[in-house]
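The block underneath contains the structure these notes are about, expressed in structure tokens.
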Amino acid sequence: MKWLFAIETENDLIVICRLMNTFRRKTVKPLSFAMSSSPEDYGVIFVVELPESEVEHHFNYFRRTEGVRHVTYYRHSLEAPASFVFVDVEAPSLELSQWPQLFPGSRLIFASHGKALLEVPEDYAHHAAPEGGFLPFARVKTTRGAAGAEAPGTVQ
Amino acid sequence: MENPVTGSEILLESLKRENVEVVFGLPGGAVLPLYDALYSAGIRHLLVRHEQAAAFAADGYARATGKVGVCLATSGPGATNLMTGLTSALMDSIPVVALTGQVPASLIGKDGFQEADTIGISLPATKQSFAVSSAADIPAIIHRAFKTAISGRPGPVLVDLPKSVLMEKVSPQYPKDDDSQRPARSREWREEEIERAAEMIAGSQRAVLYVGGGAIHSEAWQEVIELAELTHIPVTTTLMGLGVFPSRHPLSLGMLGMHGSFATNMAICEADLLVAVGARFDDRVTGRLNGFATKARKIHIDVDPSEINKNVRADLALVGDARETLQALLAALKRLGGSVAGSGRRQWMARIEEWRREHPLTYDKSAPNMKPEYVIETLARHTDEDAIVAVDVGQHQMWAAQFYDFYQPRTWLSSSGLGAMGYGFPAAIGAQMAFPDRQVVAVVGDGGFQMTLNDLATVAQYRVPVKIAIINNRSLGMVRQWQEIFFEKRYCDIDLNFSPDFAKLAESYGIRGWRVEHRHEVSDAMREMLNDREPCLIDFWVDPTENVYPIVPPGASLAEMLVEPPRVVLQEEEVLDDLWAV
């Protein structure tokens, strides 16, 4: 089962190093990985293959790591309603500018170095993600408040 | 705005503001400016003889007091020598702040003399690490370090301080908030989950409370006792949880797991409900996971959400501070009224008593030679109820866990998760510094003691009145036991017969020391040691063939524990010469 994690940390490389070390120790091997930075924080997003029985532990482990501000995880969803799309343009050579056209009404959550996470209108992900570089996801849990809203990202 | 002062002075003022009483450390080049400021700072510093002892002593101080322990080392080897102690503190969730010197900022990354990537090395050994780049940042970083160390699930925090930062002069601004000693712990459970837990407890017939170190960190011992007495549910503790429940309480089951008693482990096997409080279902507790408490539903109370379902799936998870959660649970149980102490519990305790009679936790009391268990029992008879016992790792640690009587929390210091030999003696020093008037005894093995005995000099120098009881079996006893039982007696490199005469060694440091070789001498020696107001050492030469039982073999379930030596060993009539033939 594929899962997507989005982690927001303090703007401190020590926290990122700690997370990378955790990946190694907990045998989390990202299939796809991207990082973004801003003056206030770092963002990490990655897709990983994990048994369902383990994913909650990783979510909890990441969120209790010092310096981590927020963690959200998403389940790869081919059947169930998915309202997020992960884009990896390295697979199908898509231009950055094409994304909004492919997913009208979408909101950019994260984008960095050819990888992006978009929130799309309900169930739109399945219809509009025929290419191999698009993965539909459904949000499972987030440490953000009740609104559950991801902070909009910036394209880098 | 205050007048400009050096980073060293700011650091020491920050430590004072965190109510630091004592720092365990060893100076070196990168921290010379700090030691210069320390000269007149009014903070007590204890010079250890190896930085590992500084970390262990800070850990011992923290376990005994519940406050943050502080250790200090120079850059490079000083910092790397702290790492075993910090890893042990991390495994056992002990609040320690480690201050490490670093080469001047301009030399970082240039492989200068005594430069090590302390931050990088510390990542898996700490809860959080801070690299200080400006003296102006010191007050906020130190404040945060202390807060982080003690909040949530406690743990060690490292602050790396370049020499240039220690010498930099700035006008400091100290945080106004002074609540860093007050732990912040989040709560994630909902009231209806507490109600459900209460109903699960009320509906159970064969429940067991399984209590770990988290109950001590959150100071939940009164609540544990109240819960047990309200519901008539027996209590077992982990190695970390010893002391949270009085050993002589009628509902006490002692320790569970690899060296838990037969009755305790059988109670776990037959329980219909397990209430885990601040415990993490580690492998030494569970044995083979798919054979652990298979008949029991599990309620797991823990402040760390990542412990939930990590090893054992919980039927109900209550993430939050143990004390606060138990208080809510007690209130819910009281609302349920008299039904919480179900009638089946009387039968359950009777069944446990049968198991106790069947295989009591005991040893050969008629043996003419000096059994280590006897030494521990005698120690327990002579110590005060608030005496602090610090142990190393190995057989003596398990005998102490099995045969010592615990009356109150924070009296048992043990490197439990990491199992770091050499811990006991410096941890005792740390505890004694916190409580100079209480009895503090380091119960150590002859193997572990040789890893940190250089701090006899520390004890002698500061006249720290710790008592050292060496359970000397002239071998790495636990390794020998495993080689005997599980490796067909192929004894390989466990012989410690070439140790020094520990009593004479102590004397050479100016510490009174003597050897006890006979059972009839133990009681008088123990009394004499404990009545001495100075540090002293007794080298107890115990039966070197004694093993720790019960034992759950590796890969076995608790039900498959060995309560006595395997038959084949009994039949072969063990002879001492066999042991030392290698």
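Order determines the names: the first chain of the structure tokens is A, the second B, and so forth; residues in each chain are numbered 1 upward, and ligands are numbered 1 upward as they are shown.
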(request) Looking only at strand (DSSP E) from DSSP on the backbone, list the matching residues of region 49-125 of chain B as a VMD selection string. (result) chain B and resid 69 to 73 96 to 102
(message) Only residues of chain A matter here; which ones have an atom within 6 Å of chain B, counting only C-alpha atoms? Give them as a ChimeraX atom specification.
(response) /A:18,57,60-61
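When CA of Glu560 (chain B) is paired with CA of Val393 (chain B), their separation reads 23.8 Å.
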(message) Just checking: using only C-alpha atoms, which residue out of B:Thr118, B:Ser133, B:Thr545, B:Gln432 ends up closest to Gln395 (chain B)?
(response)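 Ranked by minimum distance to Gln395 (chain B), first place goes to B:Thr545.
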(request) List every residue of region 305-473 of chain B that DSSP, applied to the backbone of this structure, assigns to helix (DSSP H, G or I), and report them as a ChimeraX atom specification. (result) /B:305-307,322-340,344-358,372-382,395-403,424-434,446-462
How would the residues just chosen look if you wrote them out with C-alpha atoms as a compact mmCIF listing (two decimals), in the first residue's frame?
# COMPACT_ATOMS: atom_id res chain seq x y z
CA PRO B 305 1.43 8.25 20.78
CA SER B 306 4.13 6.40 18.87
CA GLU B 307 4.18 3.71 21.55
CA ALA B 322 -0.36 8.82 33.11
CA ARG B 323 -1.32 10.71 36.23
CA GLU B 324 -3.98 12.83 34.60
CA THR B 325 -5.37 9.83 32.75
CA LEU B 326 -5.50 7.66 35.87
CA GLN B 327 -7.22 10.45 37.78
CA ALA B 328 -9.90 10.58 35.10
CA LEU B 329 -10.15 6.80 35.10
CA LEU B 330 -10.49 6.69 38.88
CA ALA B 331 -13.29 9.23 38.73
CA ALA B 332 -15.07 7.18 36.08
CA LEU B 333 -14.66 3.98 38.09
CA LYS B 334 -16.04 5.65 41.19
CA ARG B 335 -19.05 6.72 39.19
CA LEU B 336 -19.64 3.06 38.38
CA GLY B 337 -19.90 2.34 42.10
CA GLY B 338 -19.29 -0.97 43.84
CA SER B 339 -19.14 -3.10 40.73
CA VAL B 340 -15.55 -2.21 39.95
CA GLY B 344 -14.13 -12.76 40.44
CA ARG B 345 -11.05 -10.87 41.56
CA ARG B 346 -10.91 -12.82 44.81
CA GLN B 347 -10.66 -16.06 42.84
CA TRP B 348 -8.10 -14.43 40.57
CA MET B 349 -5.86 -13.49 43.48
CA ALA B 350 -6.29 -16.99 44.91
CA ARG B 351 -5.13 -18.44 41.62
CA ILE B 352 -2.08 -16.16 41.65
CA GLU B 353 -1.32 -17.28 45.21
CA GLU B 354 -1.41 -20.88 44.01
CA TRP B 355 1.16 -20.06 41.34
CA ARG B 356 3.28 -18.37 43.99
CA ARG B 357 3.20 -21.49 46.14
CA GLU B 358 3.90 -23.69 43.14
CA PRO B 372 24.02 -13.33 45.62
CA GLU B 373 20.29 -13.32 46.31
CA TYR B 374 21.10 -13.55 50.02
CA VAL B 375 23.34 -10.50 49.76
CA ILE B 376 20.53 -8.54 48.12
CA GLU B 377 17.97 -9.68 50.69
CA THR B 378 20.33 -8.68 53.47
CA LEU B 379 20.86 -5.30 51.89
CA ALA B 380 17.09 -4.84 51.72
CA ARG B 381 16.80 -5.69 55.41
CA HIS B 382 19.33 -3.07 56.43
CA GLN B 395 22.72 -10.90 36.89
CA HIS B 396 23.10 -8.71 39.97
CA GLN B 397 20.67 -6.23 38.41
CA MET B 398 18.04 -8.94 38.03
CA TRP B 399 18.60 -10.32 41.52
CA ALA B 400 18.24 -6.81 42.90
CA ALA B 401 15.03 -6.36 40.90
CA GLN B 402 13.71 -9.68 42.21
CA PHE B 403 14.83 -9.66 45.84
CA GLY B 424 25.37 1.97 38.52
CA PHE B 425 28.29 3.60 40.26
CA PRO B 426 28.19 7.04 38.57
CA ALA B 427 24.38 7.07 38.76
CA ALA B 428 24.70 6.55 42.50
CA ILE B 429 27.08 9.52 42.65
CA GLY B 430 24.47 11.65 40.88
CA ALA B 431 21.72 10.57 43.26
CA GLN B 432 23.90 11.11 46.32
CA MET B 433 24.67 14.66 45.17
CA ALA B 434 20.93 15.31 45.13
CA ASP B 446 32.56 -7.03 38.94
CA GLY B 447 32.26 -6.61 35.16
CA GLY B 448 30.31 -3.37 35.04
CA PHE B 449 32.19 -1.79 37.91
CA GLN B 450 35.43 -2.10 35.97
CA MET B 451 33.96 0.11 33.26
CA THR B 452 33.56 3.18 35.49
CA LEU B 453 35.54 2.48 38.66
CA ASN B 454 37.88 5.33 37.82
CA ASP B 455 35.29 7.55 39.46
CA LEU B 456 36.37 6.19 42.82
CA ALA B 457 38.60 9.23 42.57
CA THR B 458 35.55 11.50 42.23
CA VAL B 459 33.94 9.95 45.28
CA ALA B 460 37.17 10.27 47.23
CA GLN B 461 37.79 13.86 46.15
CA TYR B 462 34.35 15.17 47.09
(message) If we count only C-alpha atoms and set the cut-off at 9 Å, which residues sit around Leu318 (chain B), ignoring sequence neighbours fewer than 5 positions away in its own chain? Please answer as a list in words.
(response)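 Within the cut-off, the hits are Arg187, Glu188, Trp189, Arg190, Glu193, Ile194, Ala197, Ile299, His300, Ile301, Asp302, Val303, Pro305, Ile308 and Thr325 of chain B.
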File of the preceding selection, C-alpha atoms, as a PDB file, in the first residue's frame:
ATOM      1  CA  ARG B 187      -3.887  14.742  26.270  1.00  0.00           C
ATOM      2  CA  GLU B 188      -5.558  13.096  23.325  1.00  0.00           C
ATOM      3  CA  TRP B 189      -8.238  10.898  24.860  1.00  0.00           C
ATOM      4  CA  ARG B 190     -11.905  11.753  25.015  1.00  0.00           C
ATOM      5  CA  GLU B 193     -12.894   6.577  26.028  1.00  0.00           C
ATOM      6  CA  ILE B 194     -12.228   6.916  29.743  1.00  0.00           C
ATOM      7  CA  ALA B 197     -11.861   1.913  29.917  1.00  0.00           C
ATOM      8  CA  ILE B 299      -5.767  -0.780  27.525  1.00  0.00           C
ATOM      9  CA  HIS B 300      -2.640   1.223  26.815  1.00  0.00           C
ATOM     10  CA  ILE B 301      -2.048   4.522  28.621  1.00  0.00           C
ATOM     11  CA  ASP B 302       1.000   6.414  27.370  1.00  0.00           C
ATOM     12  CA  VAL B 303       2.042   9.999  26.813  1.00  0.00           C
ATOM     13  CA  PRO B 305       1.432   8.250  20.784  1.00  0.00           C
ATOM     14  CA  ILE B 308       0.579   2.805  20.818  1.00  0.00           C
ATOM     15  CA  THR B 325      -5.368   9.827  32.748  1.00  0.00           C
TER      16      THR B 325
END
(message) What's around Cys71 (chain B) at 8 Å? Count only C-alpha atoms, leave out sequence neighbours fewer than 6 positions away in its own chain, and write the answer as a list in words.
(response)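 Returned residues: Val23, Phe24, Gly25, Ala54, Ala55, Ala57, Ala58, Val96, Val97, Ala98 and Leu99 of chain B.
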(request) Give me the residues within 12 Å of Lys295 (chain B) as an MDAnalysis selection string, counting only C-alpha atoms and dropping any in the same chain fewer than 4 places off. (result) chainID B and resid 204:208 266:274 290:291
